[in-house]
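Pasting upload.cif here (mmCIF, N, CA, C and O atoms):
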data_input
#
loop_
_atom_site.group_PDB
_atom_site.id
_atom_site.type_symbol
_atom_site.label_atom_id
_atom_site.label_comp_id
_atom_site.auth_asym_id
_atom_site.auth_seq_id
_atom_site.Cartn_x
_atom_site.Cartn_y
_atom_site.Cartn_z
ATOM 1 N N MET A 1 22.526 -12.666 19.273
ATOM 2 C CA MET A 1 23.742 -12.514 20.038
ATOM 3 C C MET A 1 24.892 -12.178 19.096
ATOM 4 O O MET A 1 25.044 -12.788 18.044
ATOM 5 N N LYS A 2 25.692 -11.206 19.493
ATOM 6 C CA LYS A 2 26.828 -10.786 18.677
ATOM 7 C C LYS A 2 27.944 -11.832 18.757
ATOM 8 O O LYS A 2 28.254 -12.344 19.829
ATOM 9 N N ARG A 3 28.543 -12.123 17.618
ATOM 10 C CA ARG A 3 29.626 -13.104 17.539
ATOM 11 C C ARG A 3 30.921 -12.528 18.127
ATOM 12 O O ARG A 3 31.259 -11.364 17.901
ATOM 13 N N LEU A 4 31.651 -13.342 18.879
ATOM 14 C CA LEU A 4 32.922 -12.949 19.470
ATOM 15 C C LEU A 4 33.919 -12.630 18.357
ATOM 16 O O LEU A 4 34.091 -13.412 17.423
ATOM 17 N N GLN A 5 34.567 -11.450 18.438
ATOM 18 C CA GLN A 5 35.480 -11.017 17.389
ATOM 19 C C GLN A 5 36.939 -11.018 17.811
ATOM 20 O O GLN A 5 37.824 -11.129 16.990
ATOM 21 N N ARG A 6 37.186 -10.850 19.113
ATOM 22 C CA ARG A 6 38.585 -10.833 19.574
ATOM 23 C C ARG A 6 38.654 -11.326 21.011
ATOM 24 O O ARG A 6 37.685 -11.239 21.748
ATOM 25 N N ILE A 7 39.837 -11.821 21.347
ATOM 26 C CA ILE A 7 40.077 -12.316 22.694
ATOM 27 C C ILE A 7 41.525 -12.002 23.076
ATOM 28 O O ILE A 7 42.425 -12.084 22.241
ATOM 29 N N ALA A 8 41.715 -11.611 24.319
ATOM 30 C CA ALA A 8 43.056 -11.340 24.845
ATOM 31 C C ALA A 8 43.298 -12.250 26.043
ATOM 32 O O ALA A 8 42.396 -12.479 26.845
ATOM 33 N N MET A 9 44.490 -12.764 26.136
ATOM 34 C CA MET A 9 44.897 -13.585 27.270
ATOM 35 C C MET A 9 45.987 -12.850 28.030
ATOM 36 O O MET A 9 46.868 -12.258 27.419
ATOM 37 N N ILE A 10 45.901 -12.854 29.347
ATOM 38 C CA ILE A 10 46.914 -12.219 30.188
ATOM 39 C C ILE A 10 47.635 -13.323 30.944
ATOM 40 O O ILE A 10 47.008 -14.130 31.632
ATOM 41 N N GLY A 11 48.946 -13.376 30.777
ATOM 42 C CA GLY A 11 49.748 -14.382 31.471
ATOM 43 C C GLY A 11 51.172 -14.353 30.971
ATOM 44 O O GLY A 11 51.501 -13.625 30.046
ATOM 45 N N SER A 12 52.009 -15.114 31.598
ATOM 46 C CA SER A 12 53.374 -15.216 31.069
ATOM 47 C C SER A 12 53.311 -15.985 29.755
ATOM 48 O O SER A 12 52.350 -16.687 29.469
ATOM 49 N N ARG A 13 54.318 -15.835 28.929
ATOM 50 C CA ARG A 13 54.304 -16.427 27.579
ATOM 51 C C ARG A 13 55.719 -16.810 27.195
ATOM 52 O O ARG A 13 56.676 -16.143 27.588
ATOM 53 N N LEU A 14 55.852 -17.890 26.451
ATOM 54 C CA LEU A 14 57.166 -18.271 25.944
ATOM 55 C C LEU A 14 57.724 -17.118 25.131
ATOM 56 O O LEU A 14 56.957 -16.436 24.453
ATOM 57 N N PRO A 15 58.973 -16.807 25.260
ATOM 58 C CA PRO A 15 60.103 -17.608 25.698
ATOM 59 C C PRO A 15 60.383 -17.593 27.201
ATOM 60 O O PRO A 15 61.342 -18.215 27.639
ATOM 61 N N ARG A 16 59.575 -16.887 28.016
ATOM 62 C CA ARG A 16 59.751 -16.999 29.470
ATOM 63 C C ARG A 16 59.521 -18.453 29.854
ATOM 64 O O ARG A 16 58.599 -19.099 29.356
ATOM 65 N N ARG A 17 60.369 -18.994 30.717
ATOM 66 C CA ARG A 17 60.317 -20.411 31.074
ATOM 67 C C ARG A 17 59.540 -20.635 32.369
ATOM 68 O O ARG A 17 60.057 -20.473 33.460
ATOM 69 N N CYS A 18 58.249 -20.986 32.229
ATOM 70 C CA CYS A 18 57.451 -21.401 33.379
ATOM 71 C C CYS A 18 56.215 -22.125 32.849
ATOM 72 O O CYS A 18 55.901 -22.067 31.663
ATOM 73 N N GLY A 19 55.529 -22.812 33.726
ATOM 74 C CA GLY A 19 54.360 -23.595 33.318
ATOM 75 C C GLY A 19 53.236 -22.746 32.762
ATOM 76 O O GLY A 19 52.560 -23.135 31.803
ATOM 77 N N ILE A 20 53.006 -21.581 33.359
ATOM 78 C CA ILE A 20 51.948 -20.703 32.861
ATOM 79 C C ILE A 20 52.297 -20.185 31.467
ATOM 80 O O ILE A 20 51.416 -20.047 30.613
ATOM 81 N N ALA A 21 53.572 -19.912 31.213
ATOM 82 C CA ALA A 21 53.991 -19.462 29.881
ATOM 83 C C ALA A 21 53.693 -20.538 28.832
ATOM 84 O O ALA A 21 53.192 -20.235 27.750
ATOM 85 N N THR A 22 53.988 -21.775 29.164
ATOM 86 C CA THR A 22 53.694 -22.881 28.253
ATOM 87 C C THR A 22 52.189 -23.023 28.045
ATOM 88 O O THR A 22 51.719 -23.199 26.915
ATOM 89 N N PHE A 23 51.409 -22.908 29.118
ATOM 90 C CA PHE A 23 49.955 -22.997 29.019
ATOM 91 C C PHE A 23 49.393 -21.889 28.130
ATOM 92 O O PHE A 23 48.571 -22.145 27.244
ATOM 93 N N THR A 24 49.833 -20.646 28.344
ATOM 94 C CA THR A 24 49.346 -19.522 27.544
ATOM 95 C C THR A 24 49.714 -19.697 26.072
ATOM 96 O O THR A 24 48.910 -19.425 25.182
ATOM 97 N N HIS A 25 50.921 -20.178 25.813
ATOM 98 C CA HIS A 25 51.363 -20.458 24.447
ATOM 99 C C HIS A 25 50.451 -21.505 23.792
ATOM 100 O O HIS A 25 49.955 -21.295 22.675
ATOM 101 N N ASP A 26 50.215 -22.613 24.481
ATOM 102 C CA ASP A 26 49.377 -23.684 23.939
ATOM 103 C C ASP A 26 47.931 -23.229 23.767
ATOM 104 O O ASP A 26 47.290 -23.529 22.752
ATOM 105 N N LEU A 27 47.404 -22.502 24.753
ATOM 106 C CA LEU A 27 46.021 -22.028 24.682
ATOM 107 C C LEU A 27 45.809 -21.058 23.525
ATOM 108 O O LEU A 27 44.854 -21.201 22.757
ATOM 109 N N SER A 28 46.703 -20.092 23.375
ATOM 110 C CA SER A 28 46.544 -19.124 22.285
ATOM 111 C C SER A 28 46.653 -19.804 20.917
ATOM 112 O O SER A 28 45.917 -19.460 19.992
ATOM 113 N N GLY A 29 47.538 -20.786 20.800
ATOM 114 C CA GLY A 29 47.647 -21.540 19.547
ATOM 115 C C GLY A 29 46.403 -22.345 19.237
ATOM 116 O O GLY A 29 45.925 -22.373 18.098
ATOM 117 N N ALA A 30 45.846 -23.011 20.254
ATOM 118 C CA ALA A 30 44.637 -23.813 20.060
ATOM 119 C C ALA A 30 43.439 -22.945 19.688
ATOM 120 O O ALA A 30 42.633 -23.316 18.818
ATOM 121 N N ILE A 31 43.309 -21.789 20.317
ATOM 122 C CA ILE A 31 42.212 -20.882 19.988
ATOM 123 C C ILE A 31 42.351 -20.377 18.557
ATOM 124 O O ILE A 31 41.369 -20.309 17.819
ATOM 125 N N ALA A 32 43.557 -20.033 18.138
ATOM 126 C CA ALA A 32 43.789 -19.543 16.774
ATOM 127 C C ALA A 32 43.457 -20.605 15.730
ATOM 128 O O ALA A 32 42.892 -20.293 14.677
ATOM 129 N N VAL A 33 43.779 -21.862 16.014
ATOM 130 C CA VAL A 33 43.482 -22.946 15.070
ATOM 131 C C VAL A 33 41.979 -23.220 15.018
ATOM 132 O O VAL A 33 41.409 -23.398 13.943
ATOM 133 N N ALA A 34 41.320 -23.219 16.174
ATOM 134 C CA ALA A 34 39.889 -23.524 16.226
ATOM 135 C C ALA A 34 39.026 -22.395 15.669
ATOM 136 O O ALA A 34 37.928 -22.646 15.176
ATOM 137 N N ASN A 35 39.514 -21.154 15.754
ATOM 138 C CA ASN A 35 38.758 -19.986 15.303
ATOM 139 C C ASN A 35 39.653 -19.067 14.483
ATOM 140 O O ASN A 35 40.061 -18.013 14.963
ATOM 141 N N PRO A 36 39.958 -19.425 13.230
ATOM 142 C CA PRO A 36 40.923 -18.646 12.449
ATOM 143 C C PRO A 36 40.522 -17.194 12.214
ATOM 144 O O PRO A 36 41.377 -16.342 12.035
ATOM 145 N N GLY A 37 39.258 -16.858 12.265
ATOM 146 C CA GLY A 37 38.822 -15.484 12.046
ATOM 147 C C GLY A 37 38.840 -14.625 13.305
ATOM 148 O O GLY A 37 38.607 -13.424 13.238
ATOM 149 N N LEU A 38 39.116 -15.226 14.436
ATOM 150 C CA LEU A 38 39.123 -14.526 15.715
ATOM 151 C C LEU A 38 40.452 -13.817 15.929
ATOM 152 O O LEU A 38 41.514 -14.402 15.741
ATOM 153 N N ASP A 39 40.408 -12.552 16.294
ATOM 154 C CA ASP A 39 41.624 -11.784 16.583
ATOM 155 C C ASP A 39 42.082 -12.146 17.991
ATOM 156 O O ASP A 39 41.386 -11.860 18.964
ATOM 157 N N THR A 40 43.225 -12.797 18.110
ATOM 158 C CA THR A 40 43.747 -13.196 19.413
ATOM 159 C C THR A 40 45.040 -12.456 19.708
ATOM 160 O O THR A 40 45.822 -12.169 18.802
ATOM 161 N N CYS A 41 45.231 -12.135 20.988
ATOM 162 C CA CYS A 41 46.477 -11.502 21.402
ATOM 163 C C CYS A 41 46.789 -11.894 22.842
ATOM 164 O O CYS A 41 45.934 -12.419 23.548
ATOM 165 N N VAL A 42 48.029 -11.632 23.233
ATOM 166 C CA VAL A 42 48.481 -11.937 24.579
ATOM 167 C C VAL A 42 49.067 -10.680 25.199
ATOM 168 O O VAL A 42 49.803 -9.938 24.545
ATOM 169 N N VAL A 43 48.721 -10.440 26.458
ATOM 170 C CA VAL A 43 49.377 -9.436 27.283
ATOM 171 C C VAL A 43 50.329 -10.233 28.171
ATOM 172 O O VAL A 43 49.894 -10.992 29.029
ATOM 173 N N ALA A 44 51.625 -10.103 27.908
ATOM 174 C CA ALA A 44 52.620 -10.942 28.580
ATOM 175 C C ALA A 44 53.087 -10.313 29.881
ATOM 176 O O ALA A 44 53.326 -9.105 29.952
ATOM 177 N N MET A 45 53.212 -11.137 30.889
ATOM 178 C CA MET A 45 53.736 -10.706 32.181
ATOM 179 C C MET A 45 55.221 -11.047 32.256
ATOM 180 O O MET A 45 55.604 -12.190 32.043
ATOM 181 N N ASN A 46 56.034 -10.048 32.551
ATOM 182 C CA ASN A 46 57.484 -10.233 32.640
ATOM 183 C C ASN A 46 57.935 -10.291 34.092
ATOM 184 O O ASN A 46 57.349 -9.650 34.961
ATOM 185 N N ASP A 47 59.025 -11.020 34.336
ATOM 186 C CA ASP A 47 59.693 -10.970 35.630
ATOM 187 C C ASP A 47 60.220 -9.560 35.821
ATOM 188 O O ASP A 47 60.610 -8.890 34.861
ATOM 189 N N ARG A 48 60.283 -9.131 37.051
ATOM 190 C CA ARG A 48 60.829 -7.799 37.348
ATOM 191 C C ARG A 48 62.260 -7.703 36.828
ATOM 192 O O ARG A 48 63.090 -8.560 37.117
ATOM 193 N N GLY A 49 62.526 -6.699 36.009
ATOM 194 C CA GLY A 49 63.862 -6.479 35.475
ATOM 195 C C GLY A 49 64.219 -7.331 34.264
ATOM 196 O O GLY A 49 65.311 -7.230 33.746
ATOM 197 N N SER A 50 63.296 -8.160 33.787
ATOM 198 C CA SER A 50 63.576 -9.019 32.631
ATOM 199 C C SER A 50 62.807 -8.546 31.409
ATOM 200 O O SER A 50 61.727 -7.971 31.519
ATOM 201 N N THR A 51 63.392 -8.788 30.239
ATOM 202 C CA THR A 51 62.706 -8.552 28.967
ATOM 203 C C THR A 51 62.845 -9.807 28.124
ATOM 204 O O THR A 51 63.785 -10.589 28.298
ATOM 205 N N TYR A 52 61.914 -10.002 27.208
ATOM 206 C CA TYR A 52 61.908 -11.191 26.367
ATOM 207 C C TYR A 52 61.631 -10.789 24.933
ATOM 208 O O TYR A 52 60.992 -9.767 24.673
ATOM 209 N N ASP A 53 62.082 -11.607 24.005
ATOM 210 C CA ASP A 53 61.840 -11.386 22.580
ATOM 211 C C ASP A 53 60.586 -12.173 22.202
ATOM 212 O O ASP A 53 60.664 -13.325 21.799
ATOM 213 N N TYR A 54 59.426 -11.541 22.356
ATOM 214 C CA TYR A 54 58.150 -12.210 22.137
ATOM 215 C C TYR A 54 57.760 -12.216 20.665
ATOM 216 O O TYR A 54 58.129 -11.317 19.911
ATOM 217 N N PRO A 55 56.941 -13.191 20.267
ATOM 218 C CA PRO A 55 56.402 -13.196 18.904
ATOM 219 C C PRO A 55 55.309 -12.127 18.757
ATOM 220 O O PRO A 55 54.883 -11.518 19.744
ATOM 221 N N GLY A 56 54.833 -11.935 17.561
ATOM 222 C CA GLY A 56 53.873 -10.889 17.249
ATOM 223 C C GLY A 56 52.536 -10.984 17.971
ATOM 224 O O GLY A 56 51.841 -9.974 18.111
ATOM 225 N N ILE A 57 52.151 -12.174 18.436
ATOM 226 C CA ILE A 57 50.875 -12.309 19.135
ATOM 227 C C ILE A 57 50.862 -11.551 20.454
ATOM 228 O O ILE A 57 49.821 -11.186 20.966
ATOM 229 N N VAL A 58 52.064 -11.259 20.993
ATOM 230 C CA VAL A 58 52.168 -10.489 22.234
ATOM 231 C C VAL A 58 52.069 -9.007 21.865
ATOM 232 O O VAL A 58 52.955 -8.467 21.216
ATOM 233 N N ARG A 59 50.985 -8.377 22.278
ATOM 234 C CA ARG A 59 50.739 -6.987 21.906
ATOM 235 C C ARG A 59 51.301 -5.998 22.922
ATOM 236 O O ARG A 59 51.572 -4.855 22.582
ATOM 237 N N CYS A 60 51.432 -6.413 24.182
ATOM 238 C CA CYS A 60 52.051 -5.544 25.167
ATOM 239 C C CYS A 60 52.585 -6.396 26.319
ATOM 240 O O CYS A 60 52.287 -7.575 26.421
ATOM 241 N N GLN A 61 53.420 -5.772 27.146
ATOM 242 C CA GLN A 61 54.066 -6.458 28.254
ATOM 243 C C GLN A 61 53.821 -5.667 29.541
ATOM 244 O O GLN A 61 53.814 -4.442 29.515
ATOM 245 N N ILE A 62 53.639 -6.398 30.645
ATOM 246 C CA ILE A 62 53.495 -5.779 31.960
ATOM 247 C C ILE A 62 54.391 -6.521 32.947
ATOM 248 O O ILE A 62 54.744 -7.676 32.720
ATOM 249 N N ARG A 63 54.766 -5.854 34.047
ATOM 250 C CA ARG A 63 55.546 -6.521 35.083
ATOM 251 C C ARG A 63 54.611 -7.355 35.942
ATOM 252 O O ARG A 63 53.501 -6.928 36.242
ATOM 253 N N ASP A 64 55.069 -8.534 36.367
ATOM 254 C CA ASP A 64 54.234 -9.326 37.280
ATOM 255 C C ASP A 64 54.461 -8.934 38.714
ATOM 256 O O ASP A 64 55.277 -8.106 39.024
#
Structure rendered as structure tokens:
Amino acid sequence: MKRLQRIAMIGSRLPRRCGIATFTHDLSGAIAVANPGLDTCVVAMNDRGSTYDYPGIVRCQIRD
């Protein structure tokens, strides 16, 4: 079986203020700590008409 090399999470992300953003932030951090060699990224969902200053783990943004 081939070893998992990368994972992407789709959801809102801090600094957007909501429970899912906090969950995605915590989940991506926990995965990075547990698997330091794994390439992790987030596809962040934005509120309509809003933009956020995301950290580097956010590779792209989409409207929710």
For Gly56 (chain A), work out the shell of residues within 8 Å, counting only N, CA, C and O atoms and skipping chain neighbours fewer than 4 positions away, then give it as a short mmCIF file (atom, residue, chain, number, x, y, z; two decimals) with N, CA, C and O atoms, keeping the file's coordinate frame.
data_model
loop_
_atom_site.label_atom_id
_atom_site.label_comp_id
_atom_site.auth_asym_id
_atom_site.auth_seq_id
_atom_site.Cartn_x
_atom_site.Cartn_y
_atom_site.Cartn_z
N THR A 40 43.22 -12.80 18.11
CA THR A 40 43.75 -13.20 19.41
C THR A 40 45.04 -12.46 19.71
O THR A 40 45.82 -12.17 18.80
N CYS A 41 45.23 -12.14 20.99
CA CYS A 41 46.48 -11.50 21.40
C CYS A 41 46.79 -11.89 22.84
O CYS A 41 45.93 -12.42 23.55
N VAL A 42 48.03 -11.63 23.23
CA VAL A 42 48.48 -11.94 24.58
C VAL A 42 49.07 -10.68 25.20
O VAL A 42 49.80 -9.94 24.54
N CYS A 60 51.43 -6.41 24.18
CA CYS A 60 52.05 -5.54 25.17
C CYS A 60 52.58 -6.40 26.32
O CYS A 60 52.29 -7.58 26.42
#
inquiry  = For the strand (DSSP E or B) assignment from backbone DSSP, which residues of chain A qualify? Please present them as a ChimeraX atom specification.
reply    = /A:6-11,39-46,58-63
query = the PyMOL selection byres ((chain A and resi 2-17) around 4.5) on the file shown: which residues, as a VMD selection string?
reply = chain A and resid 1 18 20 to 21 37 to 45
Generate a file of the selected residues that holds N, CA, C and O atoms, formatted as a short mmCIF file (atom, residue, chain, number, x, y, z; two decimals), keeping the file's coordinate frame.
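Now in result01.cif:
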data_model
loop_
_atom_site.label_atom_id
_atom_site.label_comp_id
_atom_site.auth_asym_id
_atom_site.auth_seq_id
_atom_site.Cartn_x
_atom_site.Cartn_y
_atom_site.Cartn_z
N MET A 1 22.53 -12.67 19.27
CA MET A 1 23.74 -12.51 20.04
C MET A 1 24.89 -12.18 19.10
O MET A 1 25.04 -12.79 18.04
N CYS A 18 58.25 -20.99 32.23
CA CYS A 18 57.45 -21.40 33.38
C CYS A 18 56.22 -22.12 32.85
O CYS A 18 55.90 -22.07 31.66
N ILE A 20 53.01 -21.58 33.36
CA ILE A 20 51.95 -20.70 32.86
C ILE A 20 52.30 -20.18 31.47
O ILE A 20 51.42 -20.05 30.61
N ALA A 21 53.57 -19.91 31.21
CA ALA A 21 53.99 -19.46 29.88
C ALA A 21 53.69 -20.54 28.83
O ALA A 21 53.19 -20.24 27.75
N GLY A 37 39.26 -16.86 12.26
CA GLY A 37 38.82 -15.48 12.05
C GLY A 37 38.84 -14.62 13.30
O GLY A 37 38.61 -13.42 13.24
N LEU A 38 39.12 -15.23 14.44
CA LEU A 38 39.12 -14.53 15.72
C LEU A 38 40.45 -13.82 15.93
O LEU A 38 41.51 -14.40 15.74
N ASP A 39 40.41 -12.55 16.29
CA ASP A 39 41.62 -11.78 16.58
C ASP A 39 42.08 -12.15 17.99
O ASP A 39 41.39 -11.86 18.96
N THR A 40 43.22 -12.80 18.11
CA THR A 40 43.75 -13.20 19.41
C THR A 40 45.04 -12.46 19.71
O THR A 40 45.82 -12.17 18.80
N CYS A 41 45.23 -12.14 20.99
CA CYS A 41 46.48 -11.50 21.40
C CYS A 41 46.79 -11.89 22.84
O CYS A 41 45.93 -12.42 23.55
N VAL A 42 48.03 -11.63 23.23
CA VAL A 42 48.48 -11.94 24.58
C VAL A 42 49.07 -10.68 25.20
O VAL A 42 49.80 -9.94 24.54
N VAL A 43 48.72 -10.44 26.46
CA VAL A 43 49.38 -9.44 27.28
C VAL A 43 50.33 -10.23 28.17
O VAL A 43 49.89 -10.99 29.03
N ALA A 44 51.62 -10.10 27.91
CA ALA A 44 52.62 -10.94 28.58
C ALA A 44 53.09 -10.31 29.88
O ALA A 44 53.33 -9.10 29.95
N MET A 45 53.21 -11.14 30.89
CA MET A 45 53.74 -10.71 32.18
C MET A 45 55.22 -11.05 32.26
O MET A 45 55.60 -12.19 32.04
#
query = Which of chain A counts as alpha helix (DSSP H) under DSSP, as a list in words please?
reply = Gly19, Ile20, Ala21, Thr22, Phe23, Thr24, His25, Asp26, Leu27, Ser28, Gly29, Ala30, Ile31, Ala32, Val33 and Ala34 of chain A
key: Long-range neighbours of Asp64 (chain A) as a list of chain:residue names, 7 Å cut-off, only C-alpha atoms, 4 positions minimum in chain   =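 Listing them by chain and then by number gives A:Met45, A:Asn46, A:Asp47, A:Arg48.
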Set up a box along x, y and z of the file covering all listed atoms of region 27-37 of chain A, add 4 Å on every one of the six sides, and write the centre and edge lengths in Å to one decimal, as lines of an AutoDock Vina configuration file.
center_x = 42.8
center_y = -18.6
center_z = 18.4
size_x = 17.7
size_y = 18.4
size_z = 20.7
d(atom O of Thr51 (chain A), atom N of Thr22 (chain A)) in Å =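 Pair atom O of Thr51 (chain A) / atom N of Thr22 (chain A) returns 14.9 Å.
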Closest of A:Pro36, A:Gly49, A:His25, A:Ile31 to Arg63 (chain A) - atom-to-atom distances counting all atoms listed in the file =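 With all atoms listed in the file as the atom set, the closest residue is A:Gly49.
Picture a line from CA of Ser28 (chain A) to CA of Val58 (chain A); it runs 10.3 Å.
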query = Suppose you want the space between atom O of Ile62 (chain A) and atom O of Ser50 (chain A); what is it in Å?
reply =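 Computed distance, atom O of Ile62 (chain A) to atom O of Ser50 (chain A), equals 7.1 Å.
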Kindly write region 27-36 of chain A with all heavy atoms to a file, as an mmCIF file, in the first residue's frame.
data_model
loop_
_atom_site.group_PDB
_atom_site.id
_atom_site.type_symbol
_atom_site.label_atom_id
_atom_site.label_comp_id
_atom_site.auth_asym_id
_atom_site.auth_seq_id
_atom_site.Cartn_x
_atom_site.Cartn_y
_atom_site.Cartn_z
ATOM 1 N N LEU A 27 -7.470 20.900 13.757
ATOM 2 C CA LEU A 27 -7.248 19.645 13.036
ATOM 3 C C LEU A 27 -5.986 19.694 12.182
ATOM 4 O O LEU A 27 -5.167 18.773 12.224
ATOM 5 C CB LEU A 27 -8.458 19.323 12.161
ATOM 6 C CG LEU A 27 -8.356 18.054 11.319
ATOM 7 C CD1 LEU A 27 -8.246 16.822 12.210
ATOM 8 C CD2 LEU A 27 -9.552 17.949 10.388
ATOM 9 N N SER A 28 -5.808 20.770 11.429
ATOM 10 C CA SER A 28 -4.617 20.866 10.578
ATOM 11 C C SER A 28 -3.336 20.912 11.418
ATOM 12 O O SER A 28 -2.329 20.311 11.046
ATOM 13 C CB SER A 28 -4.696 22.075 9.648
ATOM 14 O OG SER A 28 -4.767 23.285 10.363
ATOM 15 N N GLY A 29 -3.386 21.588 12.558
ATOM 16 C CA GLY A 29 -2.227 21.613 13.456
ATOM 17 C C GLY A 29 -1.907 20.251 14.037
ATOM 18 O O GLY A 29 -0.743 19.840 14.101
ATOM 19 N N ALA A 30 -2.940 19.519 14.464
ATOM 20 C CA ALA A 30 -2.737 18.186 15.034
ATOM 21 C C ALA A 30 -2.190 17.207 14.000
ATOM 22 O O ALA A 30 -1.304 16.392 14.305
ATOM 23 C CB ALA A 30 -4.044 17.660 15.614
ATOM 24 N N ILE A 31 -2.688 17.277 12.777
ATOM 25 C CA ILE A 31 -2.188 16.402 11.718
ATOM 26 C C ILE A 31 -0.728 16.717 11.415
ATOM 27 O O ILE A 31 0.085 15.810 11.244
ATOM 28 C CB ILE A 31 -3.062 16.523 10.453
ATOM 29 C CG1 ILE A 31 -4.435 15.898 10.708
ATOM 30 C CG2 ILE A 31 -2.381 15.876 9.247
ATOM 31 C CD1 ILE A 31 -5.442 16.132 9.608
ATOM 32 N N ALA A 32 -0.368 17.988 11.360
ATOM 33 C CA ALA A 32 1.016 18.387 11.081
ATOM 34 C C ALA A 32 1.970 17.907 12.171
ATOM 35 O O ALA A 32 3.089 17.474 11.878
ATOM 36 C CB ALA A 32 1.109 19.899 10.918
ATOM 37 N N VAL A 33 1.538 17.956 13.426
ATOM 38 C CA VAL A 33 2.388 17.500 14.533
ATOM 39 C C VAL A 33 2.526 15.978 14.517
ATOM 40 O O VAL A 33 3.617 15.443 14.702
ATOM 41 C CB VAL A 33 1.814 17.985 15.895
ATOM 42 C CG1 VAL A 33 2.495 17.292 17.055
ATOM 43 C CG2 VAL A 33 1.954 19.493 16.016
ATOM 44 N N ALA A 34 1.429 15.271 14.258
ATOM 45 C CA ALA A 34 1.455 13.806 14.273
ATOM 46 C C ALA A 34 2.186 13.217 13.070
ATOM 47 O O ALA A 34 2.732 12.120 13.158
ATOM 48 C CB ALA A 34 0.023 13.273 14.319
ATOM 49 N N ASN A 35 2.190 13.938 11.944
ATOM 50 C CA ASN A 35 2.811 13.457 10.712
ATOM 51 C C ASN A 35 3.649 14.560 10.081
ATOM 52 O O ASN A 35 3.249 15.144 9.078
ATOM 53 C CB ASN A 35 1.724 13.019 9.719
ATOM 54 C CG ASN A 35 0.878 11.906 10.261
ATOM 55 O OD1 ASN A 35 1.322 10.781 10.340
ATOM 56 N ND2 ASN A 35 -0.351 12.232 10.641
ATOM 57 N N PRO A 36 4.833 14.855 10.631
ATOM 58 C CA PRO A 36 5.614 15.997 10.146
ATOM 59 C C PRO A 36 6.023 15.907 8.680
ATOM 60 O O PRO A 36 6.222 16.923 8.035
ATOM 61 C CB PRO A 36 6.834 16.030 11.058
ATOM 62 C CG PRO A 36 6.761 14.856 11.941
ATOM 63 C CD PRO A 36 5.461 14.179 11.748
#
